[in-house]
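Data from my_file_24.pdb: PDB, C-alpha atoms
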ATOM      1  CA  MET A   1      13.170  -9.198  15.443
ATOM      2  CA  MET A   2      11.623  -9.572  12.030
ATOM      3  CA  SER A   3      14.409 -11.540  10.384
ATOM      4  CA  LYS A   4      14.734 -14.496  12.776
ATOM      5  CA  ASP A   5      11.068 -15.327  13.166
ATOM      6  CA  ARG A   6       9.782 -14.405   9.737
ATOM      7  CA  ARG A   7       7.993 -16.938   7.599
ATOM      8  CA  PRO A   8       9.845 -16.756   4.285
ATOM      9  CA  VAL A   9       7.989 -16.888   1.006
ATOM     10  CA  THR A  10      10.365 -19.243  -0.798
ATOM     11  CA  ALA A  11      10.115 -22.642  -2.430
ATOM     12  CA  THR A  12       8.558 -24.014   0.773
ATOM     13  CA  ALA A  13       5.564 -21.754   0.183
ATOM     14  CA  GLY A  14       4.863 -23.664  -3.022
ATOM     15  CA  ALA A  15       3.398 -22.638  -6.328
ATOM     16  CA  ALA A  16       0.583 -20.623  -4.730
ATOM     17  CA  ALA A  17       2.890 -17.890  -3.466
ATOM     18  CA  ALA A  18       4.735 -17.737  -6.766
ATOM     19  CA  ALA A  19       1.468 -17.440  -8.664
ATOM     20  CA  ALA A  20       0.294 -14.723  -6.281
ATOM     21  CA  ALA A  21       3.435 -12.718  -6.883
ATOM     22  CA  VAL A  22       3.015 -13.035 -10.651
ATOM     23  CA  ALA A  23      -0.613 -11.914 -10.397
ATOM     24  CA  LEU A  24       0.399  -8.907  -8.327
ATOM     25  CA  ALA A  25       3.166  -7.909 -10.701
ATOM     26  CA  GLY A  26       0.844  -8.201 -13.671
ATOM     27  CA  ALA A  27      -1.841  -6.105 -12.027
ATOM     28  CA  LEU A  28       0.582  -3.231 -11.555
ATOM     29  CA  SER A  29       0.412  -2.459 -15.252
ATOM     30  CA  GLY A  30      -3.383  -2.453 -15.352
ATOM     31  CA  CYS A  31      -6.114  -0.306 -13.906
ATOM     32  CA  GLY A  32      -7.289  -2.651 -11.149
ATOM     33  CA  LEU A  33      -6.197  -3.072  -7.573
ATOM     34  CA  ILE A  34      -2.784  -4.544  -6.972
ATOM     35  CA  GLY A  35      -3.160  -8.274  -6.761
ATOM     36  CA  LEU A  36      -5.970 -10.738  -6.316
ATOM     37  CA  PRO A  37      -6.699 -12.307  -2.939
ATOM     38  CA  GLN A  38      -6.181 -16.050  -2.732
ATOM     39  CA  ASN A  39      -9.417 -16.385  -0.752
ATOM     40  CA  GLN A  40     -12.184 -16.673  -3.389
ATOM     41  CA  SER A  41     -14.889 -15.134  -1.184
ATOM     42  CA  ALA A  42     -12.649 -12.113  -0.653
ATOM     43  CA  GLU A  43     -12.119 -11.803  -4.385
ATOM     44  CA  LEU A  44     -15.863 -11.751  -4.962
ATOM     45  CA  ALA A  45     -17.224  -9.744  -2.059
ATOM     46  CA  GLU A  46     -14.920  -8.715   0.757
ATOM     47  CA  TRP A  47     -14.375  -5.072  -0.097
ATOM     48  CA  PHE A  48     -14.284  -2.331   2.521
ATOM     49  CA  THR A  49     -14.287   1.448   2.541
ATOM     50  CA  VAL A  50     -11.112   3.542   2.570
ATOM     51  CA  SER A  51     -11.230   7.329   2.955
ATOM     52  CA  SER A  52      -9.056  10.252   3.956
ATOM     53  CA  PRO A  53      -9.825  13.523   5.759
ATOM     54  CA  VAL A  54      -7.569  15.422   3.332
ATOM     55  CA  PHE A  55      -8.695  14.221  -0.121
ATOM     56  CA  ARG A  56     -11.586  12.419  -1.783
ATOM     57  CA  ASP A  57     -11.290   9.317  -3.907
ATOM     58  CA  GLY A  58     -10.341  10.302  -7.442
ATOM     59  CA  ARG A  59      -9.543  13.893  -6.469
ATOM     60  CA  ASP A  60      -6.256  15.762  -5.955
ATOM     61  CA  LEU A  61      -3.727  14.931  -3.266
ATOM     62  CA  PRO A  62      -2.618  18.075  -1.421
ATOM     63  CA  THR A  63       0.872  19.166  -2.454
ATOM     64  CA  ARG A  64       2.388  18.595   0.999
ATOM     65  CA  TYR A  65       2.207  14.832   0.367
ATOM     66  CA  ALA A  66       4.383  15.118  -2.748
ATOM     67  CA  CYS A  67       8.156  15.107  -3.065
ATOM     68  CA  GLY A  68      10.216  18.152  -2.130
ATOM     69  CA  THR A  69      10.825  19.215  -5.727
ATOM     70  CA  TYR A  70       7.258  20.531  -5.741
ATOM     71  CA  PRO A  71       6.826  23.808  -3.798
ATOM     72  CA  GLY A  72       5.346  22.872  -0.440
ATOM     73  CA  GLY A  73       6.050  19.160  -0.900
ATOM     74  CA  GLN A  74       6.921  17.510   2.418
ATOM     75  CA  GLY A  75       6.876  13.845   1.403
ATOM     76  CA  ARG A  76       4.589  12.826   4.262
ATOM     77  CA  THR A  77       2.203   9.887   4.183
ATOM     78  CA  PRO A  78      -1.428  11.062   4.102
ATOM     79  CA  PRO A  79      -3.927  10.165   6.817
ATOM     80  CA  LEU A  80      -6.113   7.194   5.905
ATOM     81  CA  ARG A  81      -9.238   5.696   7.457
ATOM     82  CA  TRP A  82     -11.050   2.422   6.774
ATOM     83  CA  SER A  83     -14.152   0.579   7.942
ATOM     84  CA  GLY A  84     -16.183  -2.511   7.162
ATOM     85  CA  THR A  85     -13.287  -4.966   7.216
ATOM     86  CA  PRO A  86     -14.265  -8.650   6.962
ATOM     87  CA  ALA A  87     -14.494 -11.125   9.801
ATOM     88  CA  GLY A  88     -11.213 -12.906  10.345
ATOM     89  CA  THR A  89      -9.089  -9.803   9.825
ATOM     90  CA  ARG A  90      -6.043 -10.037  12.095
ATOM     91  CA  SER A  91      -3.725  -7.453  10.566
ATOM     92  CA  PHE A  92      -3.412  -5.018   7.670
ATOM     93  CA  ALA A  93      -0.939  -4.196   4.932
ATOM     94  CA  ILE A  94      -0.784  -1.099   2.744
ATOM     95  CA  VAL A  95       0.570  -0.908  -0.791
ATOM     96  CA  MET A  96       0.815   2.474  -2.496
ATOM     97  CA  ASP A  97       1.497   2.555  -6.215
ATOM     98  CA  ASP A  98       1.378   4.831  -9.242
ATOM     99  CA  ALA A  99      -1.270   3.441 -11.583
ATOM    100  CA  ASP A 100       0.210   5.322 -14.528
ATOM    101  CA  SER A 101       3.800   4.135 -14.273
ATOM    102  CA  ALA A 102       3.582   0.709 -12.548
ATOM    103  CA  TYR A 103       5.776   2.100  -9.761
ATOM    104  CA  VAL A 104       5.274   0.761  -6.236
ATOM    105  CA  HIS A 105       5.973   3.549  -3.734
ATOM    106  CA  TRP A 106       5.312   1.779  -0.435
ATOM    107  CA  VAL A 107       4.818  -1.730   0.971
ATOM    108  CA  ILE A 108       4.113  -2.064   4.688
ATOM    109  CA  ALA A 109       2.619  -4.955   6.680
ATOM    110  CA  GLY A 110       2.082  -5.880  10.318
ATOM    111  CA  ILE A 111      -0.458  -3.153  11.125
ATOM    112  CA  ASP A 112      -2.606  -4.342  14.032
ATOM    113  CA  GLY A 113      -5.998  -5.758  13.059
ATOM    114  CA  THR A 114      -7.857  -3.411  15.432
ATOM    115  CA  THR A 115      -6.432  -0.329  13.692
ATOM    116  CA  GLN A 116      -8.958   1.751  11.753
ATOM    117  CA  GLN A 117      -6.816   4.704  10.697
ATOM    118  CA  ILE A 118      -3.324   6.100  10.375
ATOM    119  CA  VAL A 119      -2.465   9.728  10.927
ATOM    120  CA  GLU A 120      -0.425  11.986   8.663
ATOM    121  CA  GLY A 121       3.233  11.027   8.670
ATOM    122  CA  ALA A 122       2.513   8.049  10.935
ATOM    123  CA  LYS A 123       5.384   6.029  12.380
ATOM    124  CA  LEU A 124       3.834   2.615  12.873
ATOM    125  CA  ASP A 125       5.270   0.344  15.563
ATOM    126  CA  LYS A 126       5.847  -3.369  15.030
ATOM    127  CA  THR A 127       5.470  -3.149  11.277
ATOM    128  CA  VAL A 128       7.767  -4.281   8.482
ATOM    129  CA  GLU A 129       8.438  -2.520   5.191
ATOM    130  CA  GLY A 130       9.670  -4.061   1.974
ATOM    131  CA  LEU A 131      11.543  -2.553  -0.923
ATOM    132  CA  ASN A 132       9.690  -0.286  -3.312
ATOM    133  CA  THR A 133      10.346  -0.085  -7.047
ATOM    134  CA  GLY A 134      13.232   2.303  -6.377
ATOM    135  CA  ASP A 135      14.907  -0.372  -4.198
ATOM    136  CA  LYS A 136      14.337   1.717  -1.076
ATOM    137  CA  VAL A 137      12.737   0.629   2.176
ATOM    138  CA  GLY A 138       9.807   2.796   3.198
ATOM    139  CA  TYR A 139       7.594   5.412   1.611
ATOM    140  CA  THR A 140       8.551   7.317  -1.541
ATOM    141  CA  PRO A 141       6.170  10.258  -2.122
ATOM    142  CA  PRO A 142       4.495  11.130  -5.433
ATOM    143  CA  CYS A 143       6.883  12.920  -7.777
ATOM    144  CA  PRO A 144       5.563  12.785 -11.353
ATOM    145  CA  PRO A 145       7.565  14.341 -14.184
ATOM    146  CA  ARG A 146       6.792  17.903 -15.220
ATOM    147  CA  ASN A 147       3.530  18.281 -17.136
ATOM    148  CA  GLU A 148       2.328  14.792 -16.214
ATOM    149  CA  ARG A 149      -0.598  13.889 -13.997
ATOM    150  CA  HIS A 150      -0.589  10.504 -12.260
ATOM    151  CA  ARG A 151      -3.006   8.451 -10.151
ATOM    152  CA  TYR A 152      -1.708   7.228  -6.797
ATOM    153  CA  ARG A 153      -3.516   4.271  -5.243
ATOM    154  CA  PHE A 154      -3.468   3.468  -1.541
ATOM    155  CA  THR A 155      -4.674  -0.136  -1.267
ATOM    156  CA  ILE A 156      -5.291  -1.551   2.188
ATOM    157  CA  TYR A 157      -5.311  -5.319   2.556
ATOM    158  CA  ALA A 158      -7.036  -7.152   5.414
ATOM    159  CA  LEU A 159      -4.951 -10.209   6.262
ATOM    160  CA  ASP A 160      -5.649 -13.451   8.104
ATOM    161  CA  VAL A 161      -2.369 -13.445  10.061
ATOM    162  CA  PRO A 162      -1.698 -11.523  13.302
ATOM    163  CA  ASN A 163       0.561  -8.494  13.195
ATOM    164  CA  ASP A 164       3.197 -10.268  15.309
ATOM    165  CA  THR A 165       3.688 -12.855  12.534
ATOM    166  CA  PRO A 166       5.923 -11.074  10.005
ATOM    167  CA  LEU A 167       5.036 -11.890   6.418
ATOM    168  CA  PHE A 168       8.443 -10.923   5.059
ATOM    169  CA  ARG A 169      11.752  -9.512   6.182
ATOM    170  CA  ARG A 170      12.541  -5.802   6.208
ATOM    171  CA  GLY A 171      13.782  -4.879   2.758
ATOM    172  CA  ALA A 172      12.181  -7.905   1.086
ATOM    173  CA  SER A 173      11.837  -7.846  -2.677
ATOM    174  CA  LEU A 174       8.527  -6.858  -4.235
ATOM    175  CA  GLU A 175       8.066 -10.446  -5.390
ATOM    176  CA  ASP A 176       8.324 -11.717  -1.805
ATOM    177  CA  SER A 177       6.368  -8.976  -0.061
ATOM    178  CA  LEU A 178       3.514  -8.670  -2.565
ATOM    179  CA  GLY A 179       3.275 -12.436  -2.906
ATOM    180  CA  ALA A 180       2.965 -12.869   0.868
ATOM    181  CA  ILE A 181       0.287 -10.181   1.073
ATOM    182  CA  ALA A 182      -1.723 -11.801  -1.729
ATOM    183  CA  GLU A 183      -1.489 -15.210  -0.100
ATOM    184  CA  HIS A 184      -3.097 -13.957   3.138
ATOM    185  CA  THR A 185      -5.620 -11.399   1.864
ATOM    186  CA  VAL A 186      -9.221 -11.772   3.093
ATOM    187  CA  GLY A 187     -10.418  -8.326   2.011
ATOM    188  CA  ARG A 188      -9.244  -5.077   0.512
ATOM    189  CA  GLY A 189     -10.113  -1.448  -0.092
ATOM    190  CA  ARG A 190      -8.629   1.457  -1.999
ATOM    191  CA  ILE A 191      -8.536   5.214  -2.316
ATOM    192  CA  THR A 192      -6.912   7.016  -5.249
ATOM    193  CA  GLY A 193      -5.465  10.513  -5.270
ATOM    194  CA  ASN A 194      -4.281  12.438  -8.317
ATOM    195  CA  PHE A 195      -1.172  14.579  -8.484
ATOM    196  CA  GLY A 196       0.784  16.444 -11.143
ATOM    197  CA  SER A 197       0.362  18.658 -14.217
ATOM    198  CA  GLU A 198      -1.218  21.879 -12.977
ATOM    199  CA  GLN A 199       0.455  21.425  -9.594
ATOM    200  CA  ALA A 200       3.579  22.653 -11.361
ATOM    201  CA  ARG A 201       7.082  22.725  -9.968
TER     202      ARG A 201
END
Take the structure from the file and write it as structure tokens.
Amino acid sequence: MMSKDRRPVTATAGAAAAAAAVALAGALSGCGLIGLPQNQSAELAEWFTVSSPVFRDGRDLPTRYACGTYPGGQGRTPPLRWSGTPAGTRSFAIVMDDADSAYVHWVIAGIDGTTQQIVEGAKLDKTVEGLNTGDKVGYTPPCPPRNERHRYRFTIYALDVPNDTPLFRRGASLEDSLGAIAEHTVGRGRITGNFGSEQAR
């Protein structure tokens, strides 16, 4: 369903999409949010609140959301909630990355614009997932090396396209998927959870 009707981010998308992808890739190595929205008003003001019932921003992620090499790690996606999204929001995308290793763990788009939360381990209908840094489709849980502590950012993007208009194909490259998200961003929010070090294997 996604592949035939998708709107590819290729040469026909022009220099804007290419520049967006470059901006996103560059931001992965820094301390800011992934990417800059193409809409200038969004860049300046359109932030919204992201929270979770299981951890606070800047605090520890519970171990069950980590990889299975940690005792109790189940590799599940955490529950997330958001509010205050800007007018014109028609769908959402989520990008989860490791701020300390420039590793993208999850790229998903096509979440309905009326959605305000996802539950733990959610299986979201009518969505599309791109490749992560490990060249896998879907969510890869936190799994920092022994004696390291990393920051994991869940960034939610409000988009100006409806969820039934796929931004990219399933398994799209990070350049394509992140570039398409940046091109259509009208607002964004983030929550960060820490994991590692004392949560020893």
Could you spell out the hits of the PyMOL selection byres ((chain A and resi 164) around 9) on the shown file, as a tab-separated table (two decimals) with C-alpha atoms, in the frame of the given file?
chain	number	residue	atom	x	y	z
A	91	SER	CA	-3.72	-7.45	10.57
A	110	GLY	CA	2.08	-5.88	10.32
A	112	ASP	CA	-2.61	-4.34	14.03
A	126	LYS	CA	5.85	-3.37	15.03
A	127	THR	CA	5.47	-3.15	11.28
A	161	VAL	CA	-2.37	-13.44	10.06
A	162	PRO	CA	-1.70	-11.52	13.30
A	163	ASN	CA	0.56	-8.49	13.20
A	165	THR	CA	3.69	-12.86	12.53
A	166	PRO	CA	5.92	-11.07	10.01
Need the shell around range 94-98 of chain A: protein/DNA/RNA residues with any atom at most 9 Å away, counting only C-alpha atoms. Skip same-chain ones fewer than 3 positions apart. Format as a PDB file with C-alpha atoms, in the coordinates of the input?
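This is the output file result_6.pdb:
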ATOM      1  CA  LEU A  28       0.582  -3.231 -11.555  1.00  0.00           C
ATOM      2  CA  ILE A  34      -2.784  -4.544  -6.972  1.00  0.00           C
ATOM      3  CA  SER A 101       3.800   4.135 -14.273  1.00  0.00           C
ATOM      4  CA  ALA A 102       3.582   0.709 -12.548  1.00  0.00           C
ATOM      5  CA  TYR A 103       5.776   2.100  -9.761  1.00  0.00           C
ATOM      6  CA  VAL A 104       5.274   0.761  -6.236  1.00  0.00           C
ATOM      7  CA  HIS A 105       5.973   3.549  -3.734  1.00  0.00           C
ATOM      8  CA  TRP A 106       5.312   1.779  -0.435  1.00  0.00           C
ATOM      9  CA  VAL A 107       4.818  -1.730   0.971  1.00  0.00           C
ATOM     10  CA  ILE A 108       4.113  -2.064   4.688  1.00  0.00           C
ATOM     11  CA  ALA A 109       2.619  -4.955   6.680  1.00  0.00           C
ATOM     12  CA  ILE A 111      -0.458  -3.153  11.125  1.00  0.00           C
ATOM     13  CA  TYR A 139       7.594   5.412   1.611  1.00  0.00           C
ATOM     14  CA  PRO A 142       4.495  11.130  -5.433  1.00  0.00           C
ATOM     15  CA  HIS A 150      -0.589  10.504 -12.260  1.00  0.00           C
ATOM     16  CA  ARG A 151      -3.006   8.451 -10.151  1.00  0.00           C
ATOM     17  CA  TYR A 152      -1.708   7.228  -6.797  1.00  0.00           C
ATOM     18  CA  ARG A 153      -3.516   4.271  -5.243  1.00  0.00           C
ATOM     19  CA  PHE A 154      -3.468   3.468  -1.541  1.00  0.00           C
ATOM     20  CA  THR A 155      -4.674  -0.136  -1.267  1.00  0.00           C
ATOM     21  CA  ILE A 156      -5.291  -1.551   2.188  1.00  0.00           C
ATOM     22  CA  TYR A 157      -5.311  -5.319   2.556  1.00  0.00           C
ATOM     23  CA  LEU A 178       3.514  -8.670  -2.565  1.00  0.00           C
TER      24      LEU A 178
END
Which protein, DNA or RNA residues are at most 9 Å from (12.9, 1.0, 9.3) in the file's coordinates when you count only C-alpha atoms, listed as a ChimeraX atom specification? /A:127-129,137-138,170-171
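The space separating CA of Thr115 in chain A from CA of Gly189 in chain A comes to 14.3 Å.
Nearest residue to Ala158 in chain A among A:Lys136, A:Arg146, A:Arg190, A:Arg90 is A:Arg90, counting all atoms listed in the file.
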Tell me which residues the PyMOL selection byres ((chain A and resi 194) around 10) grabs here, as a list in words. Phe55, Arg56, Asp57, Gly58, Arg59, Asp60, Leu61, Pro62, Asp98, Pro142, Arg149, His150, Arg151, Tyr152, Arg153, Thr192, Gly193, Phe195, Gly196 and Ser197 of chain A
Report the distance between CA of Ser51 in chain A and CA of Arg81 in chain A in Å, rounded to one decimal place. 5.2 Å
Evaluating the PyMOL selection byres ((chain A and resi 188) around 9) on the displayed file yields which residues, as a list in words? Leu33, Pro37, Ala42, Glu43, Glu46, Trp47, Phe48, Thr49, Thr85, Pro86, Thr155, Ile156, Tyr157, Ala158, Leu159, Thr185, Val186, Gly187, Gly189 and Arg190 of chain A
Find the distance between CA of Phe168 in chain A and CA of Glu120 in chain A and write it in Å to one decimal. 24.8 Å
Which of A:Gln116, A:Gly121, A:Gly68, A:Gly134 sits closest to Thr89 in chain A [using all atoms listed in the file]: A:Gln116
Edge lengths and centre in Å to one decimal, as JSON, is what I'm after for the box along x, y and z that holds all listed atoms of range 63-70 of chain A once 6 Å is added on each side.
{"center_x": 5.8, "center_y": 17.7, "center_z": -2.4, "size_x": 22.0, "size_y": 17.7, "size_z": 18.7}
